[in-house]
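**Q** Mind having a look at this structure? Questions to follow.
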Amino acid sequence: MRQSIMPVAGIDTGKAFLDLAVIPGGAAFRVGNDPQGWREAIERLQRAGVERVGIEASGGYERGAIVALEQVGLAVVRHQPAQIRLFARMRLQRAKNDRIDAQVIAAFTALVHPQRPPADPRLQALGDHLVYIEQLGEDIARLKTRLEYQHDERLAELIKTDIALLKRRQAVERGMLEAAVRLEAVLSRRLDLLLSVPGIGLPTALVLMIQMPELGSITREQAAALIGLAPFDRDSGQHRGQRHIAGGRARPRKALYAAALPTAFRWNRQLVAFYRRLRANGKAHKQALVACARKLVIFANTVLARNTPWQIQN
């Protein structure tokens with residue numbers, strides 16, 4: 001790959017500060033991670049002739065800066081931490097601090113040219129709400145584990161009360177999230193299309209719609225890879241290794257995997273037959289479930305691409 005000759009910037013994101021580096025030229029500076037700092041960064045980047053900016057995903061701390069940069073027409077590429085880490089290792093870059101990280105991000109941004117549409121601001125707010133609902137589910141799971149080891153009846157009752165409270169809150173919040181989605185005609189239509197697939201219930205449909213906005217505009221292979229359900233080869237020379245899934249978006253993958261079990265046993269006749277065929281051919285239970293989860297995301301991608309509800313397969 002040939003490095004871009006246009007000035008490119010990299011941003012290392014922290015909770016309080018943004019460290020920026022521009023290449024070529026080597027300019028480096030720090031601004032606050034707040035509206036005033038974003039304005040200062042934009043002014044300096046524009047003076048330097050920068051049109052593309054790379055930024056590393058940092059738990060949401062990068063969102064405000066991304067919105068500000070895109071509003072003035074700068075092309076923003078959000079990189080995954082693993083990409084930057086491996087790129088630094090490839091360059092034998094052992095030293096690490098915020099300024100160096102920004103330079104590494106800038107260098108990586110100059111090399112890659114991913115075609116990604118800007119983030120939908122509607123989905124960012126919905127995504128925050130969805131993460132809270134998922135966190136409630138994680139809290140419930142932790143309490144259930146705690147309950148298994150609790151032998152004091154009084155304390156066990158307290159834990160059960162907490163579980164019931166969190167379940168009610170989760171149901172209410174999920175209903176509020178659906179209501180917010182229904183306010184947008186396009187999002188509401190996408191949600192209905194996903195719900196038309198047997199086995200994809202409201203919790204899974206919300207996760208796919210909000211956290212997998214690319215569905216419907218990518219191929220089935222890309223959809224499976226994006227969510228981390230595509231098996232990758234592990235071959236070398238005469239060796240033929242076992243295929244494994246890897247990477248991808250953890251939350252959507254977890255939601256699909258959870259949906260795959262009841263779906264492959266009851267709710268989707270096509271997947272029931274598919275699961276049984278895989279098991280009859282010697283596949284392990286977990287392998288068959290992963291394959292069913294992969295089928296589900298392909299079905300979801302298909303109904304969104306065609307803009308038509310799922311048709312029952314005879």
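Numbering starts fresh at 1 for the residues of each chain in the structure tokens, the chains themselves are lettered A, B, ... in the order given, and ligands are numbered from 1 as they appear.
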For segment 13-23 of chain A, list every protein, DNA or RNA residue within 6 Å, evaluated using only C-alpha atoms, and leave out those in the same chain fewer than 2 positions away; present the list as a list in words.
**A**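 Those residues are Pro7, Val8, Ala9, Gly10, Ile11, Gly25, Gly26, Ala27, Ala28, Phe29, Arg30, Val31, Gly32, Asn33, Tyr61, Arg99, Ala102 and Gln103 of chain A.
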**Q** Mind writing the picked residues with C-alpha atoms as a short mmCIF file (atom, residue, chain, number, x, y, z; two decimals), in the first residue's frame?
**A**
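And here's again_18.cif as it stands now:
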data_model
loop_
_atom_site.label_atom_id
_atom_site.label_comp_id
_atom_site.auth_asym_id
_atom_site.auth_seq_id
_atom_site.Cartn_x
_atom_site.Cartn_y
_atom_site.Cartn_z
CA PRO A 7 -1.80 15.50 5.39
CA VAL A 8 -3.49 12.99 7.67
CA ALA A 9 -4.11 13.24 11.40
CA GLY A 10 -4.31 10.67 14.15
CA ILE A 11 -6.08 11.17 17.47
CA GLY A 25 5.19 17.26 9.02
CA GLY A 26 5.19 15.73 12.47
CA ALA A 27 3.03 18.37 14.15
CA ALA A 28 1.73 17.16 17.53
CA PHE A 29 -0.48 18.88 20.09
CA ARG A 30 -2.96 18.22 22.88
CA VAL A 31 -6.43 19.70 23.41
CA GLY A 32 -9.18 19.11 25.91
CA ASN A 33 -11.77 16.47 25.11
CA TYR A 61 -14.90 8.97 24.80
CA ARG A 99 1.79 11.36 21.68
CA ALA A 102 -1.41 9.51 18.02
CA GLN A 103 1.50 9.27 15.55
#
**Q** Which residues are close to segment 63-75 of chain A, i.e. within 7 Å by only C-alpha atoms, leaving aside same-chain residues fewer than 6 positions away? Reply as a ChimeraX atom specification.
**A** /A:38,42,51-53
**Q** Okay, now the selection with N, CA and C atoms, as a PDB file, in the first residue's frame?
**A**
ATOM      1  N   TRP A  38     -12.366  20.603  20.927  1.00  0.00           N
ATOM      2  CA  TRP A  38     -12.696  20.140  19.567  1.00  0.00           C
ATOM      3  C   TRP A  38     -12.563  21.290  18.566  1.00  0.00           C
ATOM      4  N   ILE A  42     -10.029  21.406  15.400  1.00  0.00           N
ATOM      5  CA  ILE A  42     -10.525  21.589  14.036  1.00  0.00           C
ATOM      6  C   ILE A  42      -9.795  22.737  13.347  1.00  0.00           C
ATOM      7  N   GLU A  51      -7.625  16.511   5.730  1.00  0.00           N
ATOM      8  CA  GLU A  51      -8.982  16.173   5.309  1.00  0.00           C
ATOM      9  C   GLU A  51      -9.456  14.842   5.885  1.00  0.00           C
ATOM     10  N   ARG A  52      -8.502  13.986   6.278  1.00  0.00           N
ATOM     11  CA  ARG A  52      -8.835  12.689   6.857  1.00  0.00           C
ATOM     12  C   ARG A  52      -8.220  12.569   8.242  1.00  0.00           C
ATOM     13  N   VAL A  53      -9.023  12.056   9.171  1.00  0.00           N
ATOM     14  CA  VAL A  53      -8.581  11.918  10.555  1.00  0.00           C
ATOM     15  C   VAL A  53      -8.871  10.497  11.021  1.00  0.00           C
TER      16      VAL A  53
END
**Q** What is the atom CA of Gly282 of chain A-atom CA of Thr219 of chain A distance in Å, reported with one decimal?
**A**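 The value is 28.6 Å.
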**Q** Show me, as a VMD selection string, the residues that have an atom within 12 Å of Asp128 of chain A when counting only C-alpha atoms, minus same-chain residues fewer than 5 positions from it.
**A** chain A and resid 59 to 60 63 121 to 123 133 to 135 173 177 207 210 to 211
**Q** Go through A:Leu92, A:Met6, A:Leu147, A:Ala205 one by one, measure the shortest atom-to-atom distance of each to Ala106 of chain A using only C-alpha atoms, and give the residue with the smallest value.
**A**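 Once distances to Ala106 of chain A are computed over only C-alpha atoms, the minimum belongs to A:Met6.
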**Q** Taking only C-alpha atoms into account, name the residue in A:Ile105, A:Leu165, A:Leu206, A:Ala273 that is nearest to Glu56 of chain A.
**A**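 That would be A:Ile105, the residue with the smallest distance to Glu56 of chain A.
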**Q** For Leu195 of chain A, which residue among A:Thr308, A:Gln36, A:Gln287, A:Gln46 is the nearest when counting only C-alpha atoms?
**A**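 Looking only at the distances to Leu195 of chain A, the closest residue turns out to be A:Thr308.
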**Q** What residues in segment 26-195 of chain A get the DSSP label strand (DSSP E)? Please answer as a PDB file with N, CA and C atoms, in the first residue's frame.
**A**
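Saved the output as result03.pdb:
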ATOM      1  N   ALA A  27       3.655  17.503  13.150  1.00  0.00           N
ATOM      2  CA  ALA A  27       3.030  18.366  14.152  1.00  0.00           C
ATOM      3  C   ALA A  27       2.284  17.521  15.178  1.00  0.00           C
ATOM      4  N   ALA A  28       2.409  17.884  16.452  1.00  0.00           N
ATOM      5  CA  ALA A  28       1.734  17.157  17.529  1.00  0.00           C
ATOM      6  C   ALA A  28       1.257  18.163  18.569  1.00  0.00           C
ATOM      7  N   PHE A  29       0.047  17.969  19.065  1.00  0.00           N
ATOM      8  CA  PHE A  29      -0.479  18.876  20.086  1.00  0.00           C
ATOM      9  C   PHE A  29      -1.578  18.187  20.875  1.00  0.00           C
ATOM     10  N   ARG A  30      -1.933  18.767  21.992  1.00  0.00           N
ATOM     11  CA  ARG A  30      -2.964  18.218  22.880  1.00  0.00           C
ATOM     12  C   ARG A  30      -4.041  19.270  23.101  1.00  0.00           C
ATOM     13  N   VAL A  31      -5.299  18.816  23.099  1.00  0.00           N
ATOM     14  CA  VAL A  31      -6.427  19.701  23.414  1.00  0.00           C
ATOM     15  C   VAL A  31      -7.337  18.977  24.397  1.00  0.00           C
ATOM     16  N   GLY A  32      -8.217  19.723  25.015  1.00  0.00           N
ATOM     17  CA  GLY A  32      -9.184  19.115  25.913  1.00  0.00           C
ATOM     18  C   GLY A  32     -10.225  18.319  25.135  1.00  0.00           C
ATOM     19  N   ARG A  52      -8.502  13.986   6.278  1.00  0.00           N
ATOM     20  CA  ARG A  52      -8.835  12.689   6.857  1.00  0.00           C
ATOM     21  C   ARG A  52      -8.220  12.569   8.242  1.00  0.00           C
ATOM     22  N   VAL A  53      -9.023  12.056   9.171  1.00  0.00           N
ATOM     23  CA  VAL A  53      -8.581  11.918  10.555  1.00  0.00           C
ATOM     24  C   VAL A  53      -8.871  10.497  11.021  1.00  0.00           C
ATOM     25  N   GLY A  54      -7.871   9.861  11.611  1.00  0.00           N
ATOM     26  CA  GLY A  54      -8.063   8.546  12.206  1.00  0.00           C
ATOM     27  C   GLY A  54      -8.179   8.678  13.708  1.00  0.00           C
ATOM     28  N   ILE A  55      -9.073   7.917  14.291  1.00  0.00           N
ATOM     29  CA  ILE A  55      -9.268   7.974  15.735  1.00  0.00           C
ATOM     30  C   ILE A  55      -9.528   6.564  16.234  1.00  0.00           C
ATOM     31  N   GLU A  56      -8.967   6.241  17.370  1.00  0.00           N
ATOM     32  CA  GLU A  56      -9.123   4.901  17.926  1.00  0.00           C
ATOM     33  C   GLU A  56     -10.352   4.845  18.811  1.00  0.00           C
ATOM     34  N   ALA A  75     -13.285  13.876   7.035  1.00  0.00           N
ATOM     35  CA  ALA A  75     -13.550  12.440   6.956  1.00  0.00           C
ATOM     36  C   ALA A  75     -12.903  11.758   8.156  1.00  0.00           C
ATOM     37  N   VAL A  76     -13.705  11.074   8.964  1.00  0.00           N
ATOM     38  CA  VAL A  76     -13.204  10.439  10.180  1.00  0.00           C
ATOM     39  C   VAL A  76     -13.254   8.924  10.020  1.00  0.00           C
ATOM     40  N   VAL A  77     -12.121   8.290  10.286  1.00  0.00           N
ATOM     41  CA  VAL A  77     -12.031   6.837  10.238  1.00  0.00           C
ATOM     42  C   VAL A  77     -11.800   6.339  11.656  1.00  0.00           C
ATOM     43  N   ARG A  78     -12.739   5.541  12.159  1.00  0.00           N
ATOM     44  CA  ARG A  78     -12.587   5.009  13.518  1.00  0.00           C
ATOM     45  C   ARG A  78     -11.948   3.624  13.438  1.00  0.00           C
ATOM     46  N   HIS A  79     -10.784   3.479  14.097  1.00  0.00           N
ATOM     47  CA  HIS A  79     -10.050   2.218  14.083  1.00  0.00           C
ATOM     48  C   HIS A  79     -10.297   1.455  15.377  1.00  0.00           C
TER      49      HIS A  79
END
**Q** Separation of atom CA of Ala125 of chain A and atom CA of Ala223 of chain A, in Å?
**A**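 Separation between atom CA of Ala125 of chain A and atom CA of Ala223 of chain A: 23.2 Å.
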**Q** Can you list, as a PyMOL selection string, every residue of segment 40-233 of chain A that DSSP puts in alpha helix (DSSP H)?
**A** chain A and resi 40-47+63-71+81-90+98-111+121-148+153-182+185-195+202-211+220-226
**Q** Those residues you just picked out, can you put them in a file as a compact mmCIF listing (two decimals), in the first residue's frame with C-alpha atoms?
**A**
# COMPACT_ATOMS: atom_id res chain seq x y z
CA GLU A 40 -9.23 24.25 18.63
CA ALA A 41 -8.35 20.89 17.09
CA ILE A 42 -10.53 21.59 14.04
CA GLU A 43 -8.92 25.00 13.47
CA ARG A 44 -5.40 23.56 13.65
CA LEU A 45 -6.24 20.58 11.44
CA GLN A 46 -7.82 22.81 8.81
CA ARG A 47 -4.81 25.13 8.81
CA ARG A 63 -17.93 10.24 20.15
CA GLY A 64 -18.12 13.97 20.75
CA ALA A 65 -14.93 14.62 18.82
CA ILE A 66 -16.12 12.49 15.90
CA VAL A 67 -19.41 14.39 15.64
CA ALA A 68 -17.61 17.75 15.77
CA LEU A 69 -15.07 16.72 13.11
CA GLU A 70 -17.70 15.32 10.75
CA GLN A 71 -19.88 18.41 11.10
CA PRO A 81 -7.67 -0.85 19.21
CA ALA A 82 -6.48 -4.26 17.95
CA GLN A 83 -5.69 -2.75 14.54
CA ILE A 84 -3.52 -0.02 16.05
CA ARG A 85 -1.84 -2.41 18.45
CA LEU A 86 -0.89 -4.85 15.68
CA PHE A 87 0.23 -2.04 13.38
CA ALA A 88 2.55 -0.69 16.10
CA ARG A 89 3.95 -4.18 16.63
CA MET A 90 4.53 -4.56 12.89
CA ASP A 98 -0.25 9.34 24.18
CA ARG A 99 1.79 11.36 21.68
CA ILE A 100 3.39 8.28 20.14
CA ASP A 101 0.00 6.55 19.96
CA ALA A 102 -1.41 9.51 18.02
CA GLN A 103 1.50 9.27 15.55
CA VAL A 104 0.89 5.54 15.09
CA ILE A 105 -2.82 6.16 14.46
CA ALA A 106 -1.95 8.86 11.90
CA ALA A 107 0.46 6.53 10.10
CA PHE A 108 -2.11 3.74 10.01
CA THR A 109 -4.80 6.12 8.75
CA ALA A 110 -2.52 7.21 5.91
CA LEU A 111 -2.22 3.60 4.77
CA PRO A 121 -26.49 10.03 15.13
CA ARG A 122 -29.92 8.49 15.80
CA LEU A 123 -28.33 5.13 16.52
CA GLN A 124 -25.75 6.57 18.93
CA ALA A 125 -28.39 7.68 21.43
CA LEU A 126 -30.31 4.43 20.99
CA GLY A 127 -27.04 2.54 21.43
CA ASP A 128 -26.39 4.11 24.82
CA HIS A 129 -29.86 3.05 25.95
CA LEU A 130 -29.32 -0.47 24.60
CA VAL A 131 -26.00 -0.85 26.42
CA TYR A 132 -27.74 0.09 29.69
CA ILE A 133 -30.36 -2.61 29.09
CA GLU A 134 -27.63 -5.15 28.36
CA GLN A 135 -25.79 -4.11 31.51
CA LEU A 136 -28.96 -4.76 33.50
CA GLY A 137 -28.93 -8.28 32.07
CA GLU A 138 -25.31 -8.72 33.14
CA ASP A 139 -26.22 -7.53 36.66
CA ILE A 140 -29.05 -10.07 36.77
CA ALA A 141 -26.68 -12.86 35.71
CA ARG A 142 -24.21 -11.92 38.45
CA LEU A 143 -26.96 -11.93 41.07
CA LYS A 144 -28.15 -15.36 39.92
CA THR A 145 -24.63 -16.68 40.34
CA ARG A 146 -24.43 -15.14 43.79
CA LEU A 147 -27.77 -16.75 44.68
CA GLU A 148 -26.45 -20.22 43.85
CA GLU A 153 -32.41 -17.63 53.62
CA ARG A 154 -32.76 -13.93 54.47
CA LEU A 155 -29.92 -12.89 52.19
CA ALA A 156 -31.19 -15.22 49.46
CA GLU A 157 -34.57 -13.47 49.58
CA LEU A 158 -32.86 -10.10 49.27
CA ILE A 159 -31.03 -11.30 46.18
CA LYS A 160 -34.27 -12.65 44.67
CA THR A 161 -35.92 -9.29 45.28
CA ASP A 162 -33.05 -7.50 43.56
CA ILE A 163 -33.28 -9.88 40.59
CA ALA A 164 -37.02 -9.29 40.24
CA LEU A 165 -36.52 -5.52 40.45
CA LEU A 166 -33.84 -5.53 37.76
CA LYS A 167 -35.94 -7.75 35.49
CA ARG A 168 -38.87 -5.34 35.73
CA ARG A 169 -36.58 -2.39 35.04
CA GLN A 170 -35.06 -4.16 32.07
CA ALA A 171 -38.49 -4.89 30.59
CA VAL A 172 -39.60 -1.28 31.07
CA GLU A 173 -36.41 0.11 29.53
CA ARG A 174 -36.63 -2.25 26.55
CA GLY A 175 -40.21 -1.10 25.98
CA MET A 176 -39.08 2.53 26.09
CA LEU A 177 -36.28 1.77 23.64
CA GLU A 178 -38.71 0.14 21.22
CA ALA A 179 -41.01 3.17 21.52
CA ALA A 180 -38.08 5.46 20.65
CA VAL A 181 -37.30 3.32 17.59
CA ARG A 182 -40.94 3.46 16.48
CA ALA A 185 -40.31 5.38 10.24
CA VAL A 186 -37.17 3.93 8.64
CA LEU A 187 -35.92 2.39 11.88
CA SER A 188 -39.37 1.06 12.69
CA ARG A 189 -39.53 -0.65 9.29
CA ARG A 190 -36.10 -2.24 9.81
CA LEU A 191 -37.17 -3.50 13.23
CA ASP A 192 -40.32 -5.09 11.78
CA LEU A 193 -38.30 -6.79 9.05
CA LEU A 194 -35.95 -8.29 11.62
CA LEU A 195 -38.86 -9.41 13.80
CA LEU A 202 -37.39 -8.10 20.22
CA PRO A 203 -34.16 -8.20 22.31
CA THR A 204 -32.13 -9.67 19.44
CA ALA A 205 -33.79 -7.47 16.80
CA LEU A 206 -32.95 -4.31 18.75
CA VAL A 207 -29.32 -5.38 19.11
CA LEU A 208 -28.97 -6.14 15.40
CA MET A 209 -30.71 -2.97 14.26
CA ILE A 210 -28.74 -0.64 16.51
CA GLN A 211 -25.32 -2.30 16.67
CA ARG A 220 -23.87 -12.48 3.57
CA GLU A 221 -20.16 -13.29 3.94
CA GLN A 222 -19.41 -9.78 5.16
CA ALA A 223 -22.31 -9.93 7.63
CA ALA A 224 -21.03 -13.19 9.13
CA ALA A 225 -17.46 -11.85 9.35
CA LEU A 226 -18.51 -8.50 10.81
**Q** Can you measure atom CA of Lys283 of chain A to atom CA of Arg253 of chain A for me? One decimal in Å is fine.
**A** 20.1 Å
**Q** With only C-alpha atoms as the basis for distance, which of A:Ser58, A:Ser217, A:Gln150, A:Gln93 is at the shortest distance from Val303 of chain A?
**A**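 Using only C-alpha atoms, the shortest distance to Val303 of chain A belongs to A:Ser217.
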